[in-house]
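Notes follow once the structure below has been shown.
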Amino acid sequence: MTSTVPAPVARTADGSALQAVLLDMDGTLVDTEGFWWEIEAEIFRELGHHVEESWRDVVVGGPMSRSAAFLIEATGAAITVGELSVLLNERFEARIADEVPLMPGAERLLNELARHNVPTALVSASHRRVIDQVLRTLGRDRFTLTVAGDEVVRTKPHPDPYLLAARTLGAHPSRCAVIEDTATGVAAAEAAGCRVVAVPSVGLIEPAPGRTVVGSLEDVDLAFLRSLIVPLN
């Protein structure tokens, strides 16, 4: 986990109740969810197995250990979770070595949050090595804090990564807006007690109490995020 932690605050300078914005990475800020699936399919082809398209909704957004275990069990491939995880990380890092495509609206939103000094955390199930490589494109200085999946005992769909991010930023989870693209990530953020903006990348996510679904980050700005948090008394 890397961070530059601000002093705890109850209210931002303009009186907003929003204390922090916590963002997922793959499929939310960078257009990489498809890369993971392509690499998984490629590796299993080499092992003599086919991955079903319907399995994509099962593995997306979760910890690598869960995704790897599911695919190994589903295909019967002769490979361990540890061996598969190493292959997946190595090939993903190679795939994004030159450039990481940003999701529409990502750069504008990050710039706006930075311009208004909103405490911002990148909270991902990806491993630290992968996050650090993606940060070369996203810009490390745009985030107050980054949390990787291999830095917590329980990653998404458990609430731990978001609870850790909120606590480290000195924010209450209910005063944090989380932006996620998968049902797994949404479940983690909601279990932590955060307000959630879902921008679905794979699979359907329905609106629900405490959850707003939008079509793109182009629909999200700071005013919108502030409007999600009930003002403090």
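Every chain in the structure tokens has a letter given in the order shown (A, B, ...), and although residue numbers restart at 1 in each chain, ligands are simply numbered from 1 in the order shown.
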
Using only C-alpha atoms, what table do you get, as a tab-separated table, when you list each residue of stretch 73-94 of chain A with an atom no more than 12 Å from stretch 26-36 of chain A, its nearest pair of atoms, and their distance in Å rounded to one decimal, rows by chain then rising number?
residue	atom	partner	partner_atom	distance
A:Ser85	CA	A:Trp36	CA	11.4
A:Leu87	CA	A:Trp36	CA	11.3
A:Leu88	CA	A:Trp36	CA	7.7
A:Asn89	CA	A:Trp36	CA	9.2
A:Glu90	CA	A:Trp36	CA	11.2
A:Arg91	CA	A:Trp36	CA	9.0
A:Phe92	CA	A:Trp36	CA	6.8
A:Glu93	CA	A:Phe35	CA	10.3
A:Ala94	CA	A:Phe35	CA	10.8

I want to know what sits within 7 Å of A:Val147, based on only C-alpha atoms, with residues of the same chain fewer than 4 positions away left out; could you give that as number ranges by chain? A: 1-2, 122-124, 151, 161

Given only C-alpha atoms as the counted atoms, nearest of A:His49, A:Arg115, A:Arg56, A:Arg95 to A:Leu222: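 Using only C-alpha atoms, the shortest distance to A:Leu222 belongs to A:Arg115.
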
Near-A:Cys176 list (10 Å; only C-alpha atoms; drop same-chain fewer than 4 positions) as a ChimeraX atom specification: /A:17-22,119-120,162,165-166,171-172,189,192-196,225-226,228-229

Between A:His127, A:Arg45, A:His158, A:Arg142, which residue has the minimum interatomic distance to A:Asn111, considering only C-alpha atoms?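 Nearest candidate to A:Asn111 out of A:His127, A:Arg45, A:His158, A:Arg142: A:Arg142.
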
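Of the residues listed (A:Met64, A:Val58, A:Ile96, A:Leu84), A:Leu84 shows the shortest atom-to-atom separation from A:Ile43; distances use only C-alpha atoms.
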
Between A:Ala74, A:Met25, A:Val86, A:Val199, which residue has the minimum interatomic distance to A:Leu102, considering only C-alpha atoms?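 Smallest separation from A:Leu102 among the options: A:Met25.
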
Min atom-atom distance to A:Thr137 from the set A:Leu164, A:Ala177, A:Met103, A:Ala191, counting only C-alpha atoms, belongs to A:Met103
